[in-house]
file entry-v7.txt (compact mmCIF, C-alpha atoms)
# COMPACT_ATOMS: atom_id res chain seq x y z
CA MET A 441 -14.05 -18.78 -26.37
CA THR A 442 -11.62 -16.65 -24.39
CA LYS A 443 -13.34 -14.50 -21.80
CA LYS A 444 -12.14 -11.01 -20.95
CA ILE A 445 -11.68 -10.01 -17.31
CA ALA A 446 -10.92 -6.60 -15.80
CA PHE A 447 -9.75 -5.70 -12.30
CA LYS A 448 -9.98 -2.50 -10.26
CA THR A 449 -8.12 -2.19 -6.97
CA LEU A 450 -8.78 0.49 -4.39
CA GLY A 451 -6.93 1.12 -1.16
CA CYS A 452 -3.78 -0.41 0.26
CA ARG A 453 -0.88 -2.48 -1.05
CA LEU A 454 -2.39 -5.53 0.62
CA ASN A 455 -5.31 -5.25 -1.78
CA LEU A 456 -2.84 -4.80 -4.64
CA PHE A 457 -1.05 -8.02 -3.69
CA GLU A 458 -4.31 -9.93 -3.54
CA THR A 459 -5.51 -8.56 -6.88
CA ASP A 460 -2.19 -9.49 -8.51
CA ALA A 461 -2.46 -13.06 -7.24
CA ILE A 462 -6.10 -13.43 -8.32
CA ALA A 463 -5.46 -11.90 -11.76
CA SER A 464 -2.47 -14.18 -12.26
CA ALA A 465 -4.69 -17.21 -11.60
CA PHE A 466 -7.08 -16.07 -14.34
CA SER A 467 -4.29 -15.28 -16.82
CA LYS A 468 -3.01 -18.87 -16.52
CA GLU A 469 -6.40 -20.13 -17.68
CA ASP A 470 -8.53 -19.14 -20.67
CA TYR A 471 -9.01 -15.49 -19.68
CA GLU A 472 -7.66 -12.29 -21.22
CA LEU A 473 -6.84 -9.44 -18.83
CA VAL A 474 -8.09 -6.08 -20.11
CA ASP A 475 -8.20 -2.51 -18.79
CA PHE A 476 -11.07 -1.76 -16.45
CA ASP A 477 -12.52 0.89 -18.76
CA SER A 478 -12.70 -1.64 -21.62
CA PRO A 479 -15.56 -4.04 -22.41
CA ALA A 480 -15.14 -7.26 -20.42
CA ASP A 481 -17.08 -10.39 -19.53
CA VAL A 482 -16.06 -10.20 -15.87
CA TYR A 483 -15.32 -7.21 -13.63
CA VAL A 484 -13.65 -7.74 -10.26
CA ILE A 485 -13.61 -4.76 -7.89
CA ASN A 486 -11.33 -5.06 -4.86
CA THR A 487 -12.71 -2.38 -2.55
CA CYS A 488 -11.53 -0.23 0.34
CA THR A 489 -13.61 1.06 3.24
CA VAL A 490 -11.09 2.92 5.39
CA THR A 491 -12.94 6.25 4.92
CA ASN A 492 -16.30 7.48 3.67
CA GLN A 493 -14.48 8.69 0.57
CA SER A 494 -13.23 5.14 -0.01
CA ASP A 495 -16.81 3.82 0.17
CA SER A 496 -18.01 6.47 -2.28
CA ARG A 497 -15.26 5.68 -4.77
CA SER A 498 -15.96 1.94 -4.51
CA ARG A 499 -19.63 2.55 -5.31
CA ARG A 500 -18.70 4.71 -8.31
CA VAL A 501 -16.47 1.97 -9.67
CA ILE A 502 -19.26 -0.63 -9.29
CA LYS A 503 -21.58 1.61 -11.31
CA GLN A 504 -18.84 2.18 -13.88
CA ALA A 505 -18.57 -1.54 -14.58
CA ARG A 506 -22.28 -1.79 -15.26
CA ARG A 507 -22.20 1.21 -17.59
CA ILE A 508 -19.49 -0.41 -19.70
CA ASN A 509 -21.23 -3.79 -20.00
CA LYS A 510 -24.61 -4.43 -18.36
CA GLU A 511 -24.36 -8.14 -19.10
CA ALA A 512 -20.97 -8.63 -17.48
CA LEU A 513 -20.42 -10.68 -14.36
CA THR A 514 -19.62 -8.24 -11.54
CA ILE A 515 -17.80 -9.39 -8.41
CA VAL A 516 -17.17 -7.10 -5.45
CA THR A 517 -14.59 -8.15 -2.88
CA GLY A 518 -12.31 -6.49 -0.33
CA CYS A 519 -12.93 -4.51 2.83
CA MET A 520 -16.15 -2.80 1.75
CA ALA A 521 -17.50 -6.23 0.77
CA THR A 522 -16.85 -7.34 4.35
CA ASN A 523 -18.10 -4.18 6.04
CA TYR A 524 -21.33 -3.84 4.03
CA LYS A 525 -21.80 -7.43 2.92
CA GLU A 526 -25.55 -7.76 3.39
CA GLN A 527 -26.23 -4.33 1.89
CA LEU A 528 -24.13 -5.07 -1.20
CA GLN A 529 -25.79 -8.46 -1.65
CA GLN A 530 -29.07 -6.59 -2.19
CA ASN A 531 -27.51 -4.50 -4.98
CA GLU A 532 -28.78 -5.75 -8.34
CA GLN A 533 -25.66 -4.40 -10.05
CA ILE A 534 -23.53 -6.96 -8.21
CA ASP A 535 -23.56 -10.69 -8.94
CA TYR A 536 -21.30 -11.90 -6.14
CA VAL A 537 -20.04 -10.32 -2.93
CA VAL A 538 -16.85 -11.99 -1.70
CA ASP A 539 -15.60 -10.94 1.73
CA ASN A 540 -11.92 -10.83 2.70
CA ASP A 541 -12.01 -14.25 4.36
CA HIS A 542 -13.01 -15.84 1.04
CA LYS A 543 -11.14 -13.58 -1.40
CA THR A 544 -8.92 -16.45 -2.54
CA SER A 545 -12.06 -18.11 -3.94
CA VAL A 546 -12.78 -15.44 -6.61
CA PHE A 547 -11.44 -17.66 -9.40
CA SER A 548 -13.50 -20.63 -8.16
CA VAL A 549 -16.64 -18.47 -7.94
CA VAL A 550 -16.28 -17.34 -11.57
CA GLU A 551 -15.50 -20.83 -12.86
CA SER A 552 -18.45 -22.34 -10.97
CA HIS A 553 -20.75 -19.61 -12.29
CA TYR A 554 -19.86 -20.32 -15.90
CA LYS A 555 -20.37 -24.03 -15.34
CA GLY A 556 -23.95 -23.23 -14.38
CA GLU A 557 -23.52 -24.19 -10.75
CA LEU A 558 -25.34 -22.52 -7.88
CA VAL A 559 -22.50 -20.92 -5.99
CA LYS A 560 -22.12 -18.97 -2.79
CA PRO A 561 -18.69 -17.52 -2.01
CA ASP A 562 -19.04 -18.53 1.65
CA GLN A 563 -19.13 -22.22 0.65
CA PHE A 564 -15.38 -22.10 -0.01
CA ASP A 565 -12.80 -22.45 2.73
CA LYS A 566 -11.44 -19.37 4.46
CA ASP A 567 -7.80 -18.84 3.54
CA LEU A 568 -6.02 -15.55 4.20
CA PHE A 569 -2.72 -16.69 2.68
CA GLY A 570 -3.80 -19.12 -0.04
CA TYR A 571 -2.54 -16.96 -2.89
CA ALA A 572 -0.19 -18.50 -5.43
CA ALA A 573 2.95 -16.58 -6.41
CA ALA A 574 1.97 -14.21 -9.20
CA ASP A 575 4.16 -14.37 -12.30
CA GLU A 576 2.12 -11.79 -14.21
CA THR A 577 1.10 -8.70 -12.26
CA PHE A 578 0.09 -5.10 -12.84
CA HIS A 579 3.40 -3.87 -11.39
CA THR A 580 7.14 -4.17 -11.91
CA ARG A 581 7.48 -4.73 -8.18
CA SER A 582 6.23 -7.95 -6.59
CA LEU A 583 4.08 -7.45 -3.51
CA ILE A 584 4.45 -10.16 -0.86
CA LYS A 585 1.79 -10.57 1.81
CA ILE A 586 3.34 -11.57 5.15
CA GLN A 587 0.58 -10.69 7.61
CA ASP A 588 -3.11 -9.79 7.86
CA GLY A 589 -5.38 -8.26 10.47
CA CYS A 590 -4.68 -6.02 13.46
CA ASP A 591 -5.06 -6.16 17.25
CA ASN A 592 -4.45 -2.47 17.97
CA PHE A 593 -8.09 -1.31 17.78
CA CYS A 594 -7.35 2.37 17.25
CA THR A 595 -10.50 4.32 18.04
CA PHE A 596 -10.84 5.71 14.48
CA CYS A 597 -10.09 2.50 12.58
CA ILE A 598 -12.41 -0.12 11.16
CA ILE A 599 -9.65 -2.43 9.88
CA PRO A 600 -9.87 -4.99 12.76
CA LYS A 601 -13.55 -5.43 11.84
CA VAL A 602 -12.98 -5.98 8.12
CA ARG A 603 -9.57 -7.71 8.26
CA GLY A 604 -9.88 -9.52 11.58
CA ARG A 605 -7.31 -10.16 14.29
CA ALA A 606 -3.59 -10.14 13.56
CA THR A 607 -2.43 -13.30 11.78
CA SER A 608 1.06 -14.05 10.47
CA ARG A 609 1.86 -16.07 7.37
CA PRO A 610 4.20 -19.03 7.93
CA ALA A 611 7.77 -17.89 7.34
CA GLU A 612 8.72 -20.71 4.97
CA ASN A 613 5.72 -19.88 2.78
CA ILE A 614 6.97 -16.31 2.56
CA PHE A 615 10.49 -17.42 1.63
CA GLU A 616 9.10 -19.80 -1.00
CA ASN A 617 6.88 -17.04 -2.45
CA ILE A 618 9.87 -14.69 -2.71
CA ARG A 619 12.12 -17.31 -4.30
CA LYS A 620 9.45 -18.00 -6.91
CA VAL A 621 8.90 -14.37 -7.90
CA ILE A 622 12.65 -13.84 -8.11
CA ASP A 623 12.75 -16.81 -10.51
CA PHE A 624 9.94 -15.11 -12.45
CA GLY A 625 12.28 -12.15 -12.90
CA PHE A 626 11.02 -9.61 -10.34
CA LYS A 627 13.74 -7.35 -8.97
CA GLU A 628 11.91 -5.54 -6.18
CA ILE A 629 10.05 -7.25 -3.34
CA VAL A 630 7.57 -5.19 -1.30
CA LEU A 631 6.58 -6.67 2.06
CA THR A 632 2.97 -5.88 2.84
CA GLY A 633 0.33 -6.51 5.49
CA VAL A 634 -1.98 -4.63 7.86
CA ASN A 635 0.48 -4.36 10.78
CA LEU A 636 3.87 -5.59 9.56
CA GLY A 637 5.78 -4.86 12.75
CA ARG A 638 3.59 -7.31 14.67
CA TYR A 639 4.66 -10.24 12.51
CA ASN A 640 5.11 -13.24 14.80
CA TYR A 641 5.32 -16.83 13.62
CA LYS A 642 6.98 -19.45 15.81
CA ASP A 643 10.47 -18.09 16.51
CA TYR A 644 10.25 -15.40 13.81
CA ASN A 645 9.53 -11.78 14.62
CA PHE A 646 9.55 -9.06 11.96
CA GLU A 647 13.26 -8.32 12.35
CA LYS A 648 14.34 -11.93 11.99
CA LEU A 649 12.00 -12.45 9.04
CA VAL A 650 13.43 -9.47 7.14
CA GLU A 651 16.98 -10.49 8.03
CA GLU A 652 16.51 -13.91 6.43
CA ILE A 653 14.70 -12.49 3.39
CA LEU A 654 17.73 -10.28 2.72
CA GLU A 655 19.95 -13.39 2.58
CA ILE A 656 17.90 -15.07 -0.17
CA PRO A 657 20.16 -15.28 -3.26
CA GLY A 658 19.32 -13.16 -6.30
CA ASP A 659 19.50 -9.73 -7.90
CA PHE A 660 16.67 -7.99 -6.10
CA ARG A 661 15.96 -5.38 -3.44
CA VAL A 662 13.45 -5.32 -0.59
CA ARG A 663 11.09 -2.52 0.32
CA ILE A 664 8.89 -2.30 3.42
CA SER A 665 5.41 -0.90 2.86
CA SER A 666 3.38 1.11 5.40
CA ILE A 667 4.17 0.16 8.99
CA GLU A 668 3.08 1.18 12.47
CA PRO A 669 5.61 2.87 14.79
CA ASP A 670 5.55 -0.04 17.22
CA GLY A 671 6.20 -3.75 17.15
CA TYR A 672 9.78 -4.01 15.92
CA SER A 673 12.88 -4.07 18.09
CA ASP A 674 15.38 -1.26 18.65
CA SER A 675 17.98 -3.16 16.64
CA PHE A 676 15.80 -3.34 13.54
CA PHE A 677 17.26 -0.22 11.93
CA ARG A 678 20.68 -1.89 11.62
CA LEU A 679 19.24 -3.93 8.75
CA PHE A 680 19.22 -0.86 6.52
CA ALA A 681 22.99 -1.24 6.23
CA HIS A 682 22.26 -4.26 4.01
CA PRO A 683 22.49 -3.31 0.30
CA LYS A 684 19.23 -5.10 -0.53
CA LEU A 685 17.06 -3.20 1.96
CA THR A 686 15.92 0.12 0.53
CA PRO A 687 16.34 3.24 2.74
CA HIS A 688 12.66 4.16 2.91
CA MET A 689 9.86 3.51 5.39
CA HIS A 690 6.32 4.83 5.56
CA ILE A 691 5.67 4.99 9.32
CA CYS A 692 2.24 6.23 10.37
CA LEU A 693 2.36 9.20 12.78
CA GLN A 694 -1.32 10.32 12.58
CA SER A 695 -0.84 13.19 15.08
CA GLY A 696 1.91 15.09 16.85
CA SER A 697 -0.30 15.76 19.88
CA GLU A 698 0.09 13.47 22.88
CA ASP A 699 -3.54 14.12 23.87
CA ILE A 700 -4.87 13.17 20.43
CA LEU A 701 -2.68 10.07 20.22
CA LEU A 702 -4.20 8.94 23.53
CA LYS A 703 -7.71 9.53 22.20
CA MET A 704 -6.80 7.60 19.06
CA ARG A 705 -5.46 4.77 21.27
CA ARG A 706 -2.17 4.73 19.40
CA MET A 707 0.56 2.53 20.89
CA TYR A 708 3.30 5.16 21.08
CA THR A 709 3.87 8.80 22.01
CA ALA A 710 4.82 11.76 19.84
CA LYS A 711 8.03 12.05 21.86
CA LEU A 712 9.03 8.46 21.13
CA PHE A 713 8.15 8.85 17.46
CA GLY A 714 10.41 11.92 17.21
CA GLU A 715 13.26 10.09 18.95
CA MET A 716 12.85 7.08 16.65
CA ALA A 717 12.92 9.30 13.55
CA ALA A 718 16.04 11.11 14.78
CA LYS A 719 17.82 7.82 15.46
CA LEU A 720 16.90 6.47 12.02
CA LYS A 721 18.09 9.56 10.16
CA ALA A 722 21.29 9.83 12.20
CA SER A 723 22.28 6.24 11.48
CA HIS A 724 21.25 6.39 7.80
CA PRO A 725 21.71 9.92 6.36
CA GLY A 726 19.32 10.70 3.51
CA PHE A 727 16.79 8.11 4.69
CA ASN A 728 13.33 8.76 3.21
CA LEU A 729 10.81 8.73 6.07
CA THR A 730 7.23 9.32 4.92
CA THR A 731 4.05 9.26 6.99
CA ASP A 732 0.28 9.60 7.38
CA VAL A 733 -1.43 12.40 9.31
CA ILE A 734 -5.11 12.58 10.28
CA VAL A 735 -6.51 16.09 10.78
CA GLY A 736 -9.74 16.96 12.54
CA PHE A 737 -9.91 14.03 14.93
CA PRO A 738 -12.63 14.61 17.56
CA GLY A 739 -11.41 17.12 20.13
CA GLU A 740 -8.41 18.27 18.09
CA THR A 741 -7.73 21.84 19.18
CA GLU A 742 -5.68 24.49 17.43
CA GLU A 743 -2.85 23.71 19.86
CA ASP A 744 -3.05 19.99 19.04
CA PHE A 745 -2.82 20.79 15.35
CA LYS A 746 0.17 23.12 15.92
CA GLN A 747 1.96 20.31 17.74
CA THR A 748 1.49 18.09 14.68
CA LEU A 749 2.95 20.80 12.44
CA GLN A 750 5.89 21.33 14.79
CA LEU A 751 6.73 17.63 14.97
CA ALA A 752 6.45 17.25 11.19
CA LYS A 753 8.87 20.14 10.66
CA GLN A 754 11.23 18.78 13.31
CA ILE A 755 11.36 15.35 11.66
CA GLY A 756 11.44 16.59 8.05
CA PHE A 757 9.39 13.92 6.30
CA GLY A 758 10.02 13.10 2.66
CA HIS A 759 6.26 13.28 2.18
CA ILE A 760 3.02 13.30 4.21
CA HIS A 761 -0.24 11.67 3.18
CA THR A 762 -3.01 13.75 4.76
CA PHE A 763 -6.45 12.46 5.65
CA LYS A 764 -9.42 14.34 7.04
CA TYR A 765 -10.92 12.35 9.91
CA SER A 766 -13.90 10.35 8.67
CA VAL A 767 -16.51 8.88 11.03
CA ARG A 768 -16.67 5.10 10.68
CA LYS A 769 -19.68 3.33 12.15
CA GLY A 770 -18.76 0.78 14.76
CA THR A 771 -15.62 2.56 15.97
CA ARG A 772 -15.15 4.20 19.37
CA ALA A 773 -14.45 7.58 17.79
CA GLU A 774 -17.96 7.56 16.29
CA ARG A 775 -19.32 8.10 19.81
CA MET A 776 -16.87 10.85 20.74
CA THR A 777 -18.10 14.37 21.30
CA GLU A 778 -16.36 17.49 20.02
CA GLN A 779 -16.51 16.49 16.37
CA VAL A 780 -14.48 19.01 14.35
CA PRO A 781 -16.40 20.99 11.67
CA GLU A 782 -15.73 19.88 8.11
CA LYS A 783 -14.63 23.35 7.06
CA LEU A 784 -11.94 23.39 9.74
CA LYS A 785 -10.78 19.90 8.73
CA THR A 786 -10.40 21.14 5.16
CA GLN A 787 -8.38 24.18 6.28
CA ARG A 788 -6.04 22.08 8.39
CA SER A 789 -5.69 19.51 5.65
CA GLU A 790 -4.62 22.20 3.20
CA ILE A 791 -2.00 23.52 5.64
CA ILE A 792 -0.53 20.02 6.03
CA ARG A 793 -0.67 19.48 2.27
CA GLN A 794 1.29 22.68 1.60
CA LEU A 795 3.88 21.73 4.24
CA ALA A 796 4.15 18.26 2.70
CA GLU A 797 4.83 19.74 -0.75
CA GLU A 798 7.53 22.02 0.66
CA MET A 799 9.22 19.15 2.49
CA LYS A 800 8.97 16.85 -0.52
CA LEU A 801 10.62 19.41 -2.79
CA GLY A 802 13.32 20.18 -0.23
CA TYR A 803 14.07 16.49 0.30
CA ARG A 804 14.25 15.70 -3.41
CA LYS A 805 16.60 18.61 -4.07
CA THR A 806 19.16 16.90 -1.83
CA PHE A 807 19.61 14.21 -4.48
CA VAL A 808 20.92 16.55 -7.18
CA GLY A 809 24.55 15.65 -7.84
CA LYS A 810 24.15 12.20 -6.25
CA THR A 811 23.42 8.80 -7.74
CA GLN A 812 20.37 6.61 -7.47
CA LYS A 813 19.96 2.94 -8.32
CA VAL A 814 16.80 3.09 -10.41
CA LEU A 815 14.56 0.16 -11.31
CA VAL A 816 12.97 1.00 -14.66
CA GLU A 817 9.21 0.48 -14.58
CA LYS A 818 8.00 2.24 -17.73
CA ILE A 819 9.16 3.89 -20.94
CA ASN A 820 7.43 7.26 -21.41
CA GLU A 821 6.17 8.86 -24.63
CA ASP A 822 9.60 10.43 -25.23
CA GLY A 823 11.26 7.04 -25.03
CA PHE A 824 12.86 7.87 -21.68
CA ALA A 825 12.89 5.36 -18.84
CA THR A 826 11.02 6.09 -15.61
CA GLY A 827 11.18 4.33 -12.28
CA PHE A 828 12.08 4.69 -8.63
CA GLY A 829 15.43 5.00 -6.92
CA GLU A 830 16.25 3.06 -3.78
CA HIS A 831 14.86 5.93 -1.65
CA TYR A 832 11.44 5.53 -3.33
CA VAL A 833 11.75 8.82 -5.21
CA PRO A 834 10.58 8.90 -8.86
CA VAL A 835 13.25 9.36 -11.52
CA ILE A 836 13.18 10.10 -15.25
CA ILE A 837 16.30 8.85 -17.04
CA ARG A 838 16.78 11.08 -20.08
CA LYS A 839 18.20 8.34 -22.25
CA GLN A 840 16.51 6.12 -24.81
CA GLY A 841 16.96 2.40 -25.35
CA LEU A 842 16.92 1.36 -21.72
CA GLU A 843 15.14 -1.83 -20.66
CA LYS A 844 12.19 -2.23 -18.32
CA ASN A 845 12.72 -4.21 -15.12
CA SER A 846 16.44 -3.42 -15.13
CA PHE A 847 18.60 -1.59 -12.59
CA TYR A 848 20.61 1.47 -13.66
CA GLU A 849 22.95 3.73 -11.70
CA VAL A 850 21.81 7.29 -12.49
CA LEU A 851 23.53 10.57 -11.70
CA ILE A 852 20.76 13.01 -10.74
CA ASN A 853 21.19 16.43 -12.39
CA GLY A 854 17.85 18.14 -11.77
CA LEU A 855 14.12 18.04 -11.07
CA THR A 856 11.13 18.55 -13.31
CA GLN A 857 9.28 21.84 -12.93
CA SER A 858 5.84 20.37 -12.25
CA ASP A 859 3.30 19.83 -9.50
CA GLU A 860 5.07 16.54 -8.80
CA PRO A 861 8.82 17.28 -8.81
CA ILE A 862 10.56 14.24 -10.33
CA LEU A 863 14.30 13.66 -10.27
CA THR A 864 16.00 13.63 -13.67
CA GLY A 865 19.31 12.11 -14.70
CA ALA A 866 21.25 11.47 -17.87
CA HIS A 867 24.44 9.64 -16.96
CA VAL A 868 23.66 5.96 -16.83
CA ASN A 869 25.57 2.80 -16.01
CA GLN A 870 24.00 -0.64 -15.87
CA ALA A 871 23.87 -1.57 -12.21
CA ILE A 872 25.69 -4.74 -11.26

call {"tool": "encode", "arguments": {"input": "entry-v7.txt", "output": "C-alpha cells"}}
result
Amino acid sequence: MTKKIAFKTLGCRLNLFETDAIASAFSKEDYELVDFDSPADVYVINTCTVTNQSDSRSRRVIKQARRINKEALTIVTGCMATNYKEQLQQNEQIDYVVDNDHKTSVFSVVESHYKGELVKPDQFDKDLFGYAAADETFHTRSLIKIQDGCDNFCTFCIIPKVRGRATSRPAENIFENIRKVIDFGFKEIVLTGVNLGRYNYKDYNFEKLVEEILEIPGDFRVRISSIEPDGYSDSFFRLFAHPKLTPHMHICLQSGSEDILLKMRRMYTAKLFGEMAAKLKASHPGFNLTTDVIVGFPGETEEDFKQTLQLAKQIGFGHIHTFKYSVRKGTRAERMTEQVPEKLKTQRSEIIRQLAEEMKLGYRKTFVGKTQKVLVEKINEDGFATGFGEHYVPVIIRKQGLEKNSFYEVLINGLTQSDEPILTGAHVNQAI
C-alpha cells in the first residue's frame, strides 16, 4: 500500500535543497508526496533555529503534524534538531530526531522503521553532500548545495554550532549534479550553502567554480543565493557579464555601524561594503542588490542605527530583510551587556521595514518600459503566467496559454497596486 509523506521546510535555501533531495528519494519509491496540511503517514519537518522566532515556528509545525494525524510517523531534522537534540528526543510527539550530520539518512530511517527494525539515526554514516540530484522538487528552480558550515563565528550566530565548520563539496560532484538537473529539464540553478564565498576545494575557489558552471552546456541560468561580503576575489563581479549569471546578489550587511560590525565580529567594514556595492552597480547598471539587517544588537545606539539607515539609502538596496536581534544561547553576544529593549528593537525594525518598502518600489519602477527574461513558475487563477525576471523581481505576464518552466521575453508596462508591487507585462516573445 502506498504511503503518504508530507514535508515542511523552515529557514534557508540550504534546507530547501536538502528537503528537495530527500523528498525526491521518497517519490522514486512507493510514497506519495502530499501537502503538509493533508493527512499523511509520515511527516518530515526540516527545522531552523537561527532565531527564537524560528524555534517557536518549528515547535508549532511539530504540533500541527500531530493534530492532523496522531498516528503518523513524525521526523524532525535540521538545525533545531541539532541544537536541541536531547530535548527534542524527550518529546513524545516526535518519533525520530535526525541532526544535520545524518540528514541524508531520513529515507533509511523511515524504511527501517516500517520494516520493524530498531533504528537510531546516528547509526548511519555522516554525509553532508550525499544527496542525489532531485528530479522532482517543490520548485521550478533547482537548488544546488556547494558548501556547508562556517568558520566566521559571528558573535550573534549559532550556525557554526549546528552546521559545523566550513566544508566544500567536491567540484566534479557539483558539475555532475548540475548536468543531471539540466537533463531533468530545470532551467534555473541556484547555488546554495552557508558561506558560499568561502568555497575552496583543491584548486577551485568560488570564482573559478562559478566560472566553470557557466560554461556547462544547456539552456539555463545561474543564480547565487545569500552570500557574505567577504571571501570572493575582486575580479568576481566580471562574471556577471556572462548571459547565464543573473544580475542579483543577496549580500548580508547586518549593520552600517563600524562599531556594531566589530562587536558582531563581521569580516568587513561598512566602508568596504559601500565601496563594493558602488563598484558592482557601476559595472552592472540595474543590478539588484538585496541584503539582511539586524536591529537592536547589544550596544546599538541611536547613532549606530542612523549609520545603518544612511548606508542603506546610499547603496539603494532592491530590498532589505530585517531581523530583530535574538539572543541565542551559546553565542558570545548572549553574554554582552547593554541589551536593547524589545520595544526599541520593534521601533527600529519598523523604520527599516518602511525604508525597505520605499526602496523596493523605487527599484521596481525602474523596470517599466524595459524587458525581462522571465522563467514561468506558476499559472495563476486568471490563467496568467507568473515568475521571476533575471533580476529576481516577480512578474505577472498578462497573457494566457504560456507554459510553465519556459523562458519568455516580457516588456514591462506597469506594477500591481498591492502591498507587494509586482511587475506586469503583456508583450511576450519566447526567449531563445

call {"tool": "atom_distance", "arguments": {"input": "entry-v7.txt", "atom1": "CA of Asn645 in chain A", "atom2": "CA of Ile760 in chain A"}}
result
27.9 Å

call {"tool": "atom_distance", "arguments": {"input": "entry-v7.txt", "atom1": "CA of Tyr765 in chain A", "atom2": "CA of Lys525 in chain A"}}
result
23.6 Å

call {"tool": "closest_residue", "arguments": {"input": "entry-v7.txt", "among": "A:Ile734, A:Ile445, A:Leu693, A:Val868", "to": "Ser478 in chain A", "atoms": "only C-alpha atoms"}}
result
A:Ile445

call {"tool": "atom_distance", "arguments": {"input": "entry-v7.txt", "atom1": "CA of Leu815 in chain A", "atom2": "CA of Phe847 in chain A"}}
result
4.6 Å

call {"tool": "closest_residue", "arguments": {"input": "entry-v7.txt", "among": "A:Met716, A:Ile515, A:Val833, A:Ile792", "to": "Val546 in chain A", "atoms": "all atoms listed in the file"}}
result
A:Ile515

call {"tool": "closest_residue", "arguments": {"input": "entry-v7.txt", "among": "A:Gly451, A:Gly823, A:Pro687, A:Gly633", "to": "Ile584 in chain A", "atoms": "all atoms listed in the file"}}
result
A:Gly633

call {"tool": "residues_around", "arguments": {"input": "entry-v7.txt", "residues": "Val808 in chain A", "least_positions_apart": "2", "cutoff": "7 Å", "atoms": "all atoms listed in the file", "output": "count of residues only"}}
result
6

call {"tool": "closest_atom_pairs", "arguments": {"input": "entry-v7.txt", "of": "range 513-542 of chain A", "to": "range 494-505 of chain A", "cutoff": "8 Å", "atoms": "only C-alpha atoms", "output": "tab-separated table"}}
result
residue	atom	partner	partner_atom	distance
A:Thr514	CA	A:Ala505	CA	7.4
A:Val516	CA	A:Ile502	CA	7.8
A:Met520	CA	A:Asp495	CA	6.8
A:Gln533	CA	A:Lys503	CA	7.4
A:Ile534	CA	A:Ile502	CA	7.7

call {"tool": "write_last_selection", "arguments": {"input": "entry-v7.txt", "atoms": "C-alpha atoms", "output": "compact mmCIF listing (two decimals), in the coordinates of the input"}}
result
# COMPACT_ATOMS: atom_id res chain seq x y z
CA THR A 514 -19.62 -8.24 -11.54
CA VAL A 516 -17.17 -7.10 -5.45
CA MET A 520 -16.15 -2.80 1.75
CA GLN A 533 -25.66 -4.40 -10.05
CA ILE A 534 -23.53 -6.96 -8.21

call {"tool": "residues_around", "arguments": {"input": "entry-v7.txt", "residues": "Val537 in chain A", "least_positions_apart": "3", "cutoff": "10 Å", "atoms": "only C-alpha atoms", "output": "PyMOL selection string"}}
result
chain A and resi 485+514-518+520-522+524-531+534+540+542-543+546+560-562

call {"tool": "residues_around", "arguments": {"input": "entry-v7.txt", "residues": "range 602-609 of chain A", "least_positions_apart": "2", "cutoff": "7 Å", "atoms": "all atoms listed in the file", "output": "PyMOL selection string"}}
result
chain A and resi 519+522-523+540+569+586-591+598-600+611+639-641

call {"tool": "closest_residue", "arguments": {"input": "entry-v7.txt", "among": "A:Thr632, A:Thr731, A:Thr748, A:Ser467", "to": "Leu701 in chain A", "atoms": "only C-alpha atoms"}}
result
A:Thr748

call {"tool": "residues_around", "arguments": {"input": "entry-v7.txt", "residues": "Gly758 in chain A", "least_positions_apart": "4", "cutoff": "10 Å", "atoms": "all atoms listed in the file", "output": "number ranges by chain"}}
result
A: 688-690, 726-731, 796-804, 831-833
